[in-house]
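Enquirer: Handing over upload_23.txt, compact mmCIF, C-alpha atoms.
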# COMPACT_ATOMS: atom_id res chain seq x y z
CA MET A 812 132.12 77.75 95.63
CA LYS A 813 129.12 79.55 94.12
CA ILE A 814 127.66 80.05 97.58
CA ILE A 815 130.89 81.57 98.86
CA ASN A 816 131.04 83.95 95.87
CA PHE A 817 127.38 84.89 96.41
CA ILE A 818 127.97 85.57 100.12
CA GLY A 819 131.04 87.68 99.29
CA ILE A 820 129.15 89.77 96.73
CA TYR A 821 126.19 90.13 99.10
CA CYS A 822 128.44 91.38 101.93
CA LEU A 823 130.16 93.83 99.57
CA LEU A 824 126.80 95.23 98.43
CA VAL A 825 125.47 95.53 101.98
CA SER A 826 128.58 97.34 103.18
CA THR A 827 128.51 99.69 100.17
CA VAL A 828 124.85 100.58 100.69
CA SER A 829 125.45 101.00 104.42
CA CYS A 830 128.32 103.42 103.81
CA GLN A 831 126.27 105.38 101.28
CA ASN A 832 123.40 105.67 103.76
CA LYS A 833 125.72 106.91 106.49
CA SER A 834 127.14 109.62 104.27
CA LYS A 835 123.64 110.74 103.28
CA GLU A 836 122.52 110.84 106.90
CA ALA A 837 125.46 113.03 107.82
CA THR A 838 124.46 115.73 105.32
CA SER A 839 120.68 115.58 105.89
CA PRO A 840 118.93 117.81 108.41
CA THR A 841 117.44 116.12 111.43
CA PRO A 842 113.66 115.99 110.99
CA PRO A 843 111.46 116.91 113.94
CA ALA A 844 110.28 114.08 116.19
CA THR A 845 106.67 114.77 115.25
CA VAL A 846 105.36 115.94 111.90
CA GLN A 847 104.34 119.57 111.87
CA ALA A 848 102.29 120.04 108.71
CA SER A 849 102.31 123.60 107.47
CA LYS A 850 100.94 125.52 104.52
CA GLU A 851 104.36 127.17 104.16
CA ILE A 852 106.16 125.77 101.09
CA PRO A 853 109.95 125.79 101.40
CA GLU A 854 111.91 127.37 98.53
CA LYS A 855 114.22 124.38 98.34
CA ILE A 856 113.28 120.79 99.17
CA VAL A 857 115.88 119.17 101.44
CA LYS A 858 115.67 115.37 101.52
CA TRP A 859 114.97 113.51 104.75
CA ASN A 860 116.87 110.25 105.26
CA LEU A 861 115.39 108.41 108.22
CA SER A 862 116.11 104.77 108.99
CA GLU A 863 113.26 102.30 108.79
CA GLN A 864 113.36 102.09 112.61
CA GLU A 865 112.85 105.85 112.85
CA TRP A 866 109.93 105.68 110.38
CA LYS A 867 108.32 102.89 112.41
CA LYS A 868 108.47 105.11 115.51
CA LYS A 869 107.11 108.15 113.66
CA LEU A 870 104.22 106.53 111.72
CA ASP A 871 101.32 104.34 112.77
CA GLU A 872 101.03 100.86 111.24
CA THR A 873 98.78 101.87 108.33
CA GLN A 874 100.82 104.97 107.51
CA TYR A 875 103.99 102.89 107.52
CA TYR A 876 102.42 100.30 105.21
CA VAL A 877 101.33 102.90 102.67
CA LEU A 878 104.09 105.53 102.92
CA ARG A 879 107.10 103.23 103.33
CA GLU A 880 105.98 99.91 101.78
CA GLN A 881 104.02 101.36 98.83
CA GLY A 882 100.72 99.95 100.09
CA THR A 883 97.24 101.18 99.20
CA GLU A 884 94.27 101.84 101.44
CA ARG A 885 90.91 100.42 100.37
CA ALA A 886 88.80 102.65 98.15
CA PHE A 887 86.21 104.76 100.01
CA SER A 888 87.87 103.96 103.37
CA GLY A 889 90.09 107.03 103.79
CA LYS A 890 89.03 110.20 105.55
CA TYR A 891 89.70 112.59 102.66
CA TRP A 892 88.08 111.00 99.61
CA ASP A 893 84.84 112.88 100.38
CA ASN A 894 86.36 115.94 102.09
CA HIS A 895 84.97 119.20 100.66
CA GLU A 896 86.62 121.66 103.05
CA THR A 897 88.95 124.38 101.80
CA GLY A 898 92.59 123.95 102.76
CA THR A 899 95.94 122.32 102.08
CA TYR A 900 96.87 118.63 101.92
CA CYS A 901 100.35 117.85 103.30
CA CYS A 902 102.50 114.72 103.42
CA ALA A 903 101.67 112.65 106.51
CA GLY A 904 105.30 111.54 106.71
CA CYS A 905 107.06 114.90 106.79
CA GLY A 906 104.42 117.66 106.63
CA LEU A 907 105.44 119.06 103.23
CA PRO A 908 102.48 120.88 101.59
CA LEU A 909 101.51 118.99 98.41
CA PHE A 910 98.01 119.81 97.14
CA ASN A 911 95.42 122.56 97.50
CA SER A 912 91.74 121.77 97.85
CA ASN A 913 90.97 123.96 94.82
CA THR A 914 92.63 121.29 92.63
CA LYS A 915 90.69 118.40 94.22
CA PHE A 916 87.87 116.86 92.20
CA GLU A 917 85.35 114.02 92.37
CA SER A 918 86.96 111.14 90.47
CA GLY A 919 84.55 108.45 91.64
CA THR A 920 87.50 106.21 92.57
CA GLY A 921 87.19 106.38 96.37
CA TRP A 922 90.52 108.14 96.84
CA PRO A 923 91.18 111.88 97.05
CA SER A 924 92.09 113.06 93.55
CA PHE A 925 93.78 116.27 92.41
CA PHE A 926 94.62 117.61 88.96
CA LYS A 927 97.97 119.12 90.00
CA PRO A 928 100.30 119.52 92.99
CA LEU A 929 100.94 122.93 94.57
CA ARG A 930 104.30 122.99 92.81
CA ALA A 931 105.81 120.41 90.43
CA ASP A 932 108.97 119.90 92.54
CA LEU A 933 106.99 118.90 95.66
CA VAL A 934 106.31 115.43 94.28
CA THR A 935 108.47 112.95 92.40
CA GLU A 936 107.16 110.49 89.84
CA ASN A 937 108.56 106.96 89.49
CA THR A 938 107.70 104.11 87.13
CA ASP A 939 105.79 101.38 89.00
CA ILE A 940 105.56 97.96 87.30
CA SER A 941 104.02 96.11 90.24
CA HIS A 942 100.75 94.15 90.00
CA GLY A 943 101.32 93.26 86.34
CA MET A 944 100.80 96.81 85.00
CA LYS A 945 102.80 99.94 84.31
CA ARG A 946 101.79 102.98 86.35
CA THR A 947 103.36 106.21 87.56
CA GLU A 948 103.93 106.28 91.31
CA VAL A 949 103.86 109.64 93.12
CA VAL A 950 106.10 110.14 96.16
CA CYS A 951 106.80 113.08 98.43
CA ALA A 952 109.88 114.97 97.21
CA ARG A 953 111.19 115.46 100.76
CA CYS A 954 110.71 112.07 102.48
CA ASP A 955 110.07 109.75 99.49
CA GLY A 956 106.81 108.61 101.11
CA HIS A 957 104.45 106.79 98.73
CA LEU A 958 101.41 108.97 98.12
CA GLY A 959 99.61 107.15 95.31
CA HIS A 960 99.66 107.23 91.50
CA VAL A 961 99.04 109.72 88.72
CA PHE A 962 96.93 108.85 85.68
CA GLU A 963 96.26 110.68 82.42
CA ASP A 964 92.46 110.61 82.73
CA GLY A 965 91.89 113.73 84.83
CA PRO A 966 89.99 116.95 84.10
CA LYS A 967 91.21 120.10 82.40
CA PRO A 968 93.43 122.03 82.61
CA THR A 969 96.07 119.28 83.12
CA GLY A 970 94.26 116.08 82.14
CA LEU A 971 95.95 114.43 85.13
CA ARG A 972 94.47 112.58 88.10
CA TYR A 973 96.73 112.43 91.14
CA CYS A 974 95.01 109.58 92.96
CA MET A 975 96.32 109.76 96.54
CA ASN A 976 95.90 107.65 99.67
CA SER A 977 94.19 109.57 102.49
CA VAL A 978 96.50 107.96 105.03
CA SER A 979 99.47 109.54 103.21
CA LEU A 980 98.02 113.00 103.73
CA VAL A 981 97.30 115.46 106.54
CA PHE A 982 94.69 118.14 105.87
CA ILE A 983 95.08 121.70 107.15
CA PRO A 984 91.77 123.55 106.87
CA GLU A 985 91.82 127.18 105.79
CA LYS A 986 91.15 129.52 108.69
CA LYS A 987 87.81 131.28 108.37
Write the structure described by the file as structure tokens, please.
Expert:
Amino acid sequence: MKIINFIGIYCLLVSTVSCQNKSKEATSPTPPATVQASKEIPEKIVKWNLSEQEWKKKLDETQYYVLREQGTERAFSGKYWDNHETGTYCCAGCGLPLFNSNTKFESGTGWPSFFKPLRADLVTENTDISHGMKRTEVVCARCDGHLGHVFEDGPKPTGLRYCMNSVSLVFIPEKK
């Protein structure tokens, strides 16, 4: 009897979530097939709601692991931890501009670190209690892609360290 009740509740939950996802998809704009990162920041952030199948087509295996499954690349392995060029860092999932190189600093952690995003509404912060600790996860405000974490041990003026995964970012160099 307990199994039957469990199955009934499970089916009800799955159908409810499925219906909610369908209604969200109907009101969301259709994202481009390929990510076009741009330095242009939209006035209003419109959420993307792609299925996991669509994300798997759009992202490579490592990007999918980090952006969609909240993974982390190994320290000092990403291509931007030691990048000193001038430009803009965008979300690798949807191309939304997130950070400017003038807020990037040497944290010694092996991941690109910034003391603030371009605009506060471009990222969303969530409580992360995985791995036996409490941290603040940072995700892209448009596609909810996992970017990294923010810590309160950064430099002035904010005292924050946005510790991001390189694989979650695309860099657009400033034209000379």
Enquirer: Just the residues within 8 Å of range 912-929 of chain A, please, counting all atoms listed in the file, with nothing from its chain fewer than 4 positions along; format it as a list of chain:residue names.
Expert: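 Final neighbour list, sorted by chain and number: A:Ala886, A:Phe887, A:Ser888, A:Gly889, A:Tyr891, A:Trp892, A:Asp893, A:His895, A:Glu896, A:Thr897, A:Gly898, A:Thr899, A:Tyr900, A:Pro908, A:Leu933, A:Val934, A:Gly965, A:Pro966, A:Lys967, A:Pro968, A:Thr969, A:Gly970, A:Leu971, A:Arg972, A:Tyr973, A:Cys974, A:Met975, A:Asn976, A:Ser977.
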Enquirer: Which neighbours of Asn937 in chain A fall inside 12 Å, counting all atoms listed in the file, when residues of the same chain fewer than 2 positions from it are skipped, and could you give them as JSON, numbers by chain?
Expert: {"A": [881, 934, 935, 939, 940, 941, 945, 946, 947, 948, 949, 950, 951, 952, 955, 956, 957, 958, 959, 960, 961]}
Enquirer: Rank nothing, just name the residue among A:Arg879, A:Ala903, A:Arg930, A:Met944 nearest to Ala848 in chain A, using all atoms listed in the file.
Expert: A:Ala903
Enquirer: Could you tell me how far CA of Arg885 in chain A sits from CA of Ala931 in chain A, in Å to one decimal place?
Expert: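 Computing it gives 26.8 Å between the two atoms.
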Enquirer: Write out as number ranges by chain which residues come within 12 Å of Glu863 in chain A when counting only C-alpha atoms, dropping same-chain ones fewer than 6 positions away.
Expert: A: 832, 869-870, 875-876, 878-880, 954, 956
Enquirer: Considering only C-alpha atoms, state which residue in the set A:Cys905, A:Trp859, A:Ile983, A:Val978 is at the smallest distance from Glu884 in chain A.
Expert: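 Nearest to Glu884 in chain A: A:Val978.
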Enquirer: Just give me the gap between CA of Asn894 in chain A and CA of Val877 in chain A in Å, one decimal is fine.
Expert: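 So the answer is 19.9 Å.
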Enquirer: One number please: CA of Ile852 in chain A to CA of Leu907 in chain A, in Å, one decimal.
Expert: 7.1 Å
Enquirer: Using all atoms listed in the file, which of the listed residues (A:Gly904, A:Arg953, A:Glu936, A:Asn911) sits closest to Thr873 in chain A?
Expert: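 Among A:Gly904, A:Arg953, A:Glu936, A:Asn911, it is A:Gly904 that comes nearest to Thr873 in chain A.
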